[in-house]
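Colleague: What follows is final_24.txt; its format and atoms are compact mmCIF, C-alpha atoms.
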# COMPACT_ATOMS: atom_id res chain seq x y z
CA MET A 1079 149.04 159.99 -30.58
CA SER A 1080 150.25 162.12 -27.72
CA ALA A 1081 152.58 160.87 -25.07
CA ARG A 1082 149.87 161.40 -22.45
CA ARG A 1083 147.46 159.08 -24.25
CA ILE A 1084 150.15 156.49 -24.66
CA ARG A 1085 150.83 156.59 -20.92
CA LEU A 1086 147.09 156.23 -20.15
CA ALA A 1087 146.79 153.28 -22.54
CA LEU A 1088 149.75 151.57 -20.93
CA VAL A 1089 148.30 152.16 -17.49
CA ALA A 1090 144.95 150.75 -18.63
CA LEU A 1091 146.60 147.67 -20.08
CA ALA A 1092 148.61 147.16 -16.92
CA LEU A 1093 145.44 147.53 -14.85
CA LEU A 1094 143.61 144.99 -17.00
CA ALA A 1095 146.55 142.59 -16.76
CA TRP A 1096 146.60 143.01 -13.01
CA LEU A 1097 142.83 142.48 -12.71
CA SER A 1098 143.10 139.40 -14.90
CA THR A 1099 145.16 137.74 -12.17
CA GLY A 1100 141.93 137.68 -10.17
CA VAL A 1101 140.56 134.99 -12.50
CA THR A 1102 141.82 131.46 -11.94
CA THR A 1103 140.93 127.96 -13.05
CA VAL A 1104 141.02 124.71 -11.08
CA ALA A 1105 141.26 121.42 -12.97
CA ALA A 1106 138.92 118.48 -12.44
CA GLY A 1107 139.95 116.32 -9.50
CA GLU A 1108 141.64 119.28 -7.81
CA SER A 1109 140.67 121.75 -5.12
CA GLY A 1110 142.04 125.27 -5.00
CA VAL A 1111 143.01 126.81 -1.67
CA VAL A 1112 142.82 130.60 -1.92
CA LEU A 1113 145.52 132.24 0.16
CA ARG A 1114 145.05 135.83 1.29
CA TYR A 1115 148.32 137.34 2.45
CA GLY A 1116 149.64 133.78 2.84
CA ARG A 1117 146.74 132.52 5.00
CA ALA A 1118 144.08 130.09 3.77
CA ALA A 1119 140.89 132.04 3.13
CA ARG A 1120 138.64 129.57 1.32
CA VAL A 1121 138.59 126.49 -0.91
CA VAL A 1122 137.27 126.68 -4.49
CA ALA A 1123 135.89 123.79 -6.53
CA PRO A 1124 137.08 122.77 -10.01
CA GLY A 1125 136.27 125.31 -12.72
CA VAL A 1126 136.68 129.04 -13.11
CA ALA A 1127 136.90 131.03 -9.88
CA LEU A 1128 137.39 134.66 -8.93
CA LYS A 1129 139.82 135.99 -6.36
CA LEU A 1130 141.53 139.19 -5.48
CA PRO A 1131 144.37 140.04 -7.88
CA TRP A 1132 147.94 139.07 -7.12
CA PRO A 1133 149.60 139.61 -4.65
CA LEU A 1134 146.49 140.06 -2.49
CA GLU A 1135 145.38 136.50 -3.09
CA ARG A 1136 146.87 133.48 -4.78
CA VAL A 1137 145.74 129.85 -5.29
CA GLU A 1138 147.42 126.60 -4.21
CA ARG A 1139 146.03 123.61 -6.10
CA VAL A 1140 145.80 120.19 -4.42
CA ASP A 1141 144.97 116.97 -6.27
CA VAL A 1142 142.21 115.52 -4.06
CA GLY A 1143 141.35 112.70 -6.47
CA LEU A 1144 144.79 111.16 -6.49
CA MET A 1145 145.29 107.93 -4.52
CA ARG A 1146 148.56 108.45 -2.70
CA ARG A 1147 150.86 105.82 -1.26
CA MET A 1148 153.13 106.06 1.77
CA PRO A 1149 155.58 103.16 2.28
CA ILE A 1150 156.18 101.86 5.80
CA GLY A 1151 159.27 99.75 6.49
CA TYR A 1152 161.07 100.70 3.29
CA ARG A 1153 161.75 103.65 0.98
CA LEU A 1154 160.38 103.94 -2.54
CA LYS A 1155 163.59 105.20 -4.13
CA ASP A 1156 165.60 102.43 -2.44
CA ALA A 1157 163.11 99.79 -3.61
CA GLU A 1158 163.33 101.13 -7.18
CA ARG A 1159 167.11 100.81 -7.04
CA GLY A 1160 167.00 97.33 -5.49
CA ILE A 1161 168.50 98.52 -2.20
CA ASP A 1162 167.36 96.63 0.90
CA PRO A 1163 165.99 98.71 3.78
CA LEU A 1164 167.91 99.20 6.99
CA PRO A 1165 167.14 96.77 9.86
CA ASN A 1166 165.64 99.53 12.00
CA GLU A 1167 163.20 100.33 9.18
CA VAL A 1168 161.96 96.84 8.37
CA GLN A 1169 162.22 94.93 11.67
CA TRP A 1170 159.43 94.96 14.28
CA LEU A 1171 159.11 93.45 17.76
CA THR A 1172 156.02 91.26 18.25
CA GLY A 1173 153.94 90.74 21.36
CA ASP A 1174 155.73 87.49 22.22
CA THR A 1175 159.17 89.14 21.88
CA ASN A 1176 159.99 87.82 18.43
CA ILE A 1177 161.38 89.91 15.57
CA VAL A 1178 159.70 89.99 12.15
CA GLU A 1179 160.36 91.92 8.97
CA LEU A 1180 157.29 93.81 7.79
CA ARG A 1181 156.66 96.16 4.87
CA ALA A 1182 153.40 97.96 4.26
CA ASN A 1183 151.77 100.72 2.22
CA VAL A 1184 149.34 103.33 3.53
CA LEU A 1185 146.89 104.32 0.79
CA TYR A 1186 145.17 107.68 1.31
CA ARG A 1187 143.56 110.71 -0.34
CA VAL A 1188 143.58 114.36 0.61
CA GLU A 1189 140.20 115.19 2.16
CA ASP A 1190 140.82 118.71 3.50
CA PRO A 1191 143.25 120.56 1.19
CA ALA A 1192 143.65 123.55 3.53
CA ALA A 1193 144.56 121.31 6.46
CA TRP A 1194 146.83 119.27 4.19
CA LEU A 1195 148.76 122.40 3.24
CA PHE A 1196 149.02 124.21 6.56
CA HIS A 1197 148.27 122.05 9.63
CA VAL A 1198 151.71 120.40 9.77
CA ALA A 1199 155.01 122.18 10.18
CA ASP A 1200 157.15 122.30 7.05
CA ASN A 1201 159.77 119.69 7.93
CA GLU A 1202 161.98 118.44 5.16
CA GLY A 1203 161.90 114.73 4.39
CA GLU A 1204 162.13 112.26 1.58
CA PHE A 1205 158.46 112.60 0.68
CA GLY A 1206 157.77 116.18 1.71
CA HIS A 1207 156.60 117.39 5.09
CA ARG A 1208 153.01 116.12 4.99
CA SER A 1209 153.77 112.63 3.77
CA PHE A 1210 156.72 112.51 6.14
CA ALA A 1211 154.33 113.13 9.05
CA LEU A 1212 151.99 110.41 7.80
CA ARG A 1213 154.94 108.00 7.55
CA ARG A 1214 155.83 108.66 11.19
CA ILE A 1215 152.20 108.11 12.21
CA GLY A 1216 152.12 104.80 10.34
CA GLU A 1217 155.36 103.63 11.95
CA LYS A 1218 154.07 104.51 15.42
CA VAL A 1219 150.71 102.79 14.96
CA LEU A 1220 152.19 99.65 13.40
CA SER A 1221 154.85 99.45 16.12
CA GLU A 1222 152.16 99.51 18.81
CA LEU A 1223 149.95 96.99 17.00
CA VAL A 1224 152.74 94.51 16.24
CA ALA A 1225 153.99 94.84 19.84
CA ARG A 1226 150.57 93.58 21.03
CA THR A 1227 150.25 90.79 18.43
CA PRO A 1228 151.80 87.29 18.60
CA VAL A 1229 154.24 86.50 15.84
CA ARG A 1230 151.95 83.74 14.56
CA ASP A 1231 149.20 86.29 13.78
CA VAL A 1232 151.64 88.77 12.26
CA LEU A 1233 153.00 86.11 9.88
CA ALA A 1234 149.50 84.89 8.96
CA PRO A 1235 148.76 85.23 5.22
CA GLY A 1236 147.30 88.64 4.51
CA ALA A 1237 147.26 89.68 8.19
CA ALA A 1238 143.77 91.04 7.57
CA GLY A 1239 143.06 91.91 11.18
CA LEU A 1240 146.35 93.80 11.49
CA GLN A 1241 145.61 95.80 8.32
CA VAL A 1242 142.17 96.89 9.50
CA ARG A 1243 143.40 97.92 12.95
CA ALA A 1244 146.34 99.77 11.39
CA ARG A 1245 144.05 101.70 9.04
CA ASP A 1246 141.76 102.76 11.90
CA GLY A 1247 144.70 103.70 14.14
CA ILE A 1248 146.45 105.77 11.45
CA GLN A 1249 143.20 107.55 10.60
CA ALA A 1250 142.57 108.42 14.25
CA ALA A 1251 146.12 109.76 14.67
CA ALA A 1252 145.90 111.74 11.42
CA ASP A 1253 142.60 113.27 12.53
CA ALA A 1254 144.11 114.22 15.89
CA LEU A 1255 147.04 115.86 14.09
CA GLY A 1256 144.70 117.52 11.61
CA ILE A 1257 146.55 116.85 8.38
CA GLY A 1258 143.34 116.47 6.36
CA VAL A 1259 143.67 113.00 4.83
CA ARG A 1260 141.35 110.01 4.49
CA VAL A 1261 143.16 106.68 4.90
CA THR A 1262 141.47 104.18 2.60
CA SER A 1263 143.49 101.08 3.45
CA VAL A 1264 146.75 99.67 4.76
CA GLU A 1265 148.41 96.96 2.67
CA VAL A 1266 150.79 94.58 4.41
CA LEU A 1267 153.05 93.66 1.51
CA ASN A 1268 155.02 90.87 3.15
CA THR A 1269 155.94 89.59 6.58
CA ALA A 1270 158.82 87.22 7.26
CA PRO A 1271 161.25 86.33 10.00
CA PRO A 1272 164.79 87.75 9.71
CA LEU A 1273 167.05 85.72 7.43
CA MET A 1274 169.37 84.66 10.25
CA VAL A 1275 166.57 82.92 12.19
CA ILE A 1276 164.31 81.80 9.36
CA HIS A 1277 165.24 78.12 9.86
CA SER A 1278 164.20 78.27 13.52
CA PHE A 1279 160.96 80.01 12.58
CA ASN A 1280 160.19 77.31 10.03
CA SER A 1281 160.84 74.62 12.66
CA VAL A 1282 158.49 76.34 15.08
CA THR A 1283 155.87 76.72 12.36
CA ASP A 1284 156.11 73.01 11.49
CA ALA A 1285 155.82 72.08 15.17
CA ARG A 1286 152.74 74.24 15.58
CA ALA A 1287 151.19 72.71 12.46
CA GLU A 1288 151.83 69.23 13.88
CA ALA A 1289 150.33 70.29 17.20
CA ASP A 1290 147.25 71.57 15.41
CA ARG A 1291 146.95 68.29 13.50
CA LEU A 1292 147.21 66.24 16.69
CA LEU A 1293 144.66 68.47 18.36
CA VAL A 1294 142.21 67.92 15.51
CA GLU A 1295 142.76 64.17 15.69
CA ALA A 1296 142.27 64.19 19.48
CA ARG A 1297 139.04 66.09 19.09
CA GLY A 1298 137.86 63.52 16.54
CA VAL A 1299 138.70 60.62 18.88
CA ARG A 1300 136.95 62.40 21.75
CA LEU A 1301 133.85 62.92 19.63
CA ARG A 1302 133.77 59.27 18.56
CA GLU A 1303 134.20 58.08 22.16
CA LEU A 1304 131.42 60.38 23.31
CA GLN A 1305 129.14 59.00 20.60
CA ASN A 1306 130.00 55.41 21.53
CA ALA A 1307 129.44 56.11 25.22
CA GLU A 1308 126.11 57.75 24.46
CA ALA A 1309 125.03 54.76 22.35
CA LEU A 1310 126.07 52.33 25.12
CA ALA A 1311 124.25 54.39 27.74
CA ASN A 1312 121.09 54.39 25.61
CA GLN A 1313 121.37 50.62 25.18
CA ILE A 1314 121.78 50.04 28.93
CA LEU A 1315 118.88 52.39 29.65
CA SER A 1316 116.68 50.56 27.17
CA GLU A 1317 117.56 47.18 28.69
CA ALA A 1318 116.93 48.51 32.18
CA ARG A 1319 113.53 49.79 31.15
CA SER A 1320 112.66 46.42 29.59
CA TYR A 1321 113.81 44.65 32.75
CA ALA A 1322 111.75 47.02 34.88
CA VAL A 1323 108.64 46.33 32.80
CA ALA A 1324 109.22 42.57 33.07
CA GLN A 1325 109.73 42.76 36.83
CA GLU A 1326 106.66 44.90 37.19
CA GLY A 1327 104.64 42.25 35.29
CA ARG A 1328 105.96 39.49 37.57
CA ALA A 1329 105.18 41.55 40.64
CA GLN A 1330 101.67 42.17 39.47
CA GLY A 1331 101.22 38.42 38.87
CA LEU A 1332 102.48 37.70 42.39
CA VAL A 1333 100.12 40.26 43.85
CA LYS A 1334 97.23 38.60 42.11
CA GLN A 1335 98.29 35.22 43.52
CA LEU A 1336 98.54 36.68 47.00
CA GLU A 1337 95.14 38.26 46.64
CA ALA A 1338 93.74 34.85 45.60
CA ILE A 1339 95.38 33.25 48.66
CA GLU A 1340 93.86 35.92 50.86
CA ALA A 1341 90.46 35.28 49.34
CA GLY A 1342 90.82 31.55 50.10
CA GLY A 1343 89.85 30.41 46.64
CA LEU A 1344 92.78 27.97 46.14
CA SER A 1345 93.17 24.28 46.96
CA PRO A 1346 95.80 23.22 49.51
CA ALA A 1347 97.99 21.73 46.78
CA LYS A 1348 97.83 24.88 44.67
CA LEU A 1349 98.47 27.01 47.75
CA ARG A 1350 101.49 24.90 48.69
CA GLY A 1351 102.88 25.25 45.15
CA ILE A 1352 102.49 29.04 45.25
CA TRP A 1353 104.25 29.29 48.60
CA PHE A 1354 106.99 27.03 47.36
CA ASP A 1355 107.46 29.20 44.26
CA ILE A 1356 107.62 32.36 46.40
CA ALA A 1357 110.14 30.75 48.76
CA ARG A 1358 112.28 29.66 45.83
CA ARG A 1359 112.40 33.21 44.46
CA ILE A 1360 113.31 34.64 47.82
CA LEU A 1361 116.01 32.05 48.44
CA ALA A 1362 117.39 32.60 44.95
CA ARG A 1363 117.76 36.33 45.67
CA ALA A 1364 119.46 35.42 48.95
CA ARG A 1365 122.02 33.34 46.92
CA ILE A 1366 120.61 30.04 48.20
CA LEU A 1367 120.27 27.23 45.67
CA GLN A 1368 117.18 24.99 45.79
CA LEU A 1369 117.33 21.33 44.72
CA PRO A 1370 114.55 19.89 42.55
CA ALA A 1371 111.23 19.43 44.32
CA ASN A 1372 109.51 16.13 45.11
CA PRO A 1373 106.70 14.88 42.80
CA ASP A 1374 104.14 16.25 45.22
CA GLY A 1375 105.73 19.73 45.05
CA SER A 1376 107.44 19.65 48.44
CA PRO A 1377 111.09 20.77 48.61
CA VAL A 1378 113.76 18.17 49.06
CA ARG A 1379 116.42 20.20 50.91
CA TYR A 1380 118.48 23.46 50.72
CA HIS A 1381 122.09 24.26 51.24
CA ARG A 1382 123.97 27.54 51.53
CA VAL A 1383 126.14 28.72 48.64
CA ARG A 1384 129.55 29.80 49.88
Starting from the file, lay out its structure as structure tokens.

Modeller:
Amino acid sequence: MSARRIRLALVALALLAWLSTGVTTVAAGESGVVLRYGRAARVVAPGVALKLPWPLERVERVDVGLMRRMPIGYRLKDAERGIDPLPNEVQWLTGDTNIVELRANVLYRVEDPAAWLFHVADNEGEFGHRSFALRRIGEKVLSELVARTPVRDVLAPGAAGLQVRARDGIQAAADALGIGVRVTSVEVLNTAPPLMVIHSFNSVTDARAEADRLLVEARGVRLRELQNAEALANQILSEARSYAVAQEGRAQGLVKQLEAIEAGGLSPAKLRGIWFDIARRILARARILQLPANPDGSPVRYHRVR
């Protein structure tokens, strides 16, 4: 074989090898960001994809299926070594000017791989520049939320409301920054008062529990008293109605007697007895006592009750 043919074969092999760099594969659960002259050109799905040969284009692969975790209030490598976090990392000021220790995790996935790679400046940090930015966002959002929340709600088991508000706040800040992540949840791992004041916090907690107990008891007493008062009022109302019906019956009987008197259908003795009965009722209402009547129905005498 001549030297010329050898050179042509080598050139052909080199060309094929160079063109082969235009074929790339992306694994399942990943997205490939095709960079053209260092700038993101497009995103390719998992599988075999074509691109311009190196160095015209290259591919950065991002695991978009991985659930990532960003610690807030502590550092992963320190936690693995059993090293406690610094006070300025773990301590937070609450809305009622108390200090609590809080640790949390931000769970997230990469949603936009191109934004994840290029929309944040490449600052060095413990977790890389993108996660470092997300850590700062989480610290800012949690600081603002805890600063508006009473210590009692921060120390509540689970702090569910705080977790939901933190997730929404971190997502909004991440979207505004454009780092291309989807925050799935925020886990508050533990909340506790600082060790030096934990006894005072426990005393306050016990006092609040006692106040809550007394409040529940007071509400129960109030409810029972209201029920008793309502029952008594109903009883008095029922008795008043019965009395009104009885008085109405007596009044109707008196009216009938008066109508009979007006008609003149009664004997003088019967008429005198009716008038005597009416006078006795009137005098009784005027707090005047009447002595027993004579056999013929005439009154004996009256005297004033002092």

Colleague: So the first atom is atom CA of A:Gly1173 and the second is atom CA of A:Leu1233; what is the distance between them in Å, to one decimal place?

Modeller: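 Rounded to one decimal, the two atoms are 12.4 Å apart.
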
Colleague: Quick one: of A:Glu1167, A:Leu1315, A:Glu1308, A:Val1259, who's nearest to A:His1197, counting all atoms listed in the file?

Modeller: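 Result for the nearest residue to A:His1197: A:Val1259.
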
Colleague: Could you jot down the atom CA of A:Trp1194 to atom CA of A:Gly1258 separation for me, Å, one decimal place?

Modeller: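 Taking atom CA of A:Trp1194 and atom CA of A:Gly1258, their separation equals 5.0 Å.
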
Colleague: Quick one: everything within 6 Å of stretch 1226-1231 of chain A, counting all atoms listed in the file, minus sequence neighbours fewer than 2 positions away in the same chain. Send it as a list of chain:residue names.

Modeller: A:Thr1172, A:Gly1173, A:Asp1174, A:Leu1223, A:Val1224, A:Leu1233, A:Ala1234

Colleague: Based on the selection just made, write C-alpha atoms of those residues as a tab-separated table (two decimals), in the frame of the given file.

Modeller:
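Okay, this is what ended up in selection_17.tsv:
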chain	number	residue	atom	x	y	z
A	1172	THR	CA	156.02	91.26	18.25
A	1173	GLY	CA	153.94	90.74	21.36
A	1174	ASP	CA	155.73	87.49	22.22
A	1223	LEU	CA	149.95	96.99	17.00
A	1224	VAL	CA	152.74	94.51	16.24
A	1233	LEU	CA	153.00	86.11	9.88
A	1234	ALA	CA	149.50	84.89	8.96

Colleague: Tell me which of A:Leu1180, A:Leu1292, A:Val1261, A:Ala1192 sits closest to A:Val1122, counting only C-alpha atoms.

Modeller: A:Ala1192

Colleague: Given the choices A:Asp1253, A:Glu1265, A:Glu1217, A:Glu1222, which gets closest to A:Asn1183 if the distance is worked out from only C-alpha atoms?

Modeller: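 Of the candidates, the smallest distance to A:Asn1183 is held by A:Glu1265.
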
Colleague: Please, what distance in Å, to one decimal, runs between atom CA of A:Gly1143 and atom CA of A:Val1184?

Modeller: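 Between atom CA of A:Gly1143 and atom CA of A:Val1184 the gap is 15.9 Å.
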
Colleague: If we count only C-alpha atoms, what is near A:Leu1113 at a cut-off of 7 Å, once residues fewer than 6 positions away on the same chain are taken out, given as a list in words?

Modeller: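 Listed by chain and then number, they are Ala1119, Glu1135, Arg1136 and Val1137 of chain A.
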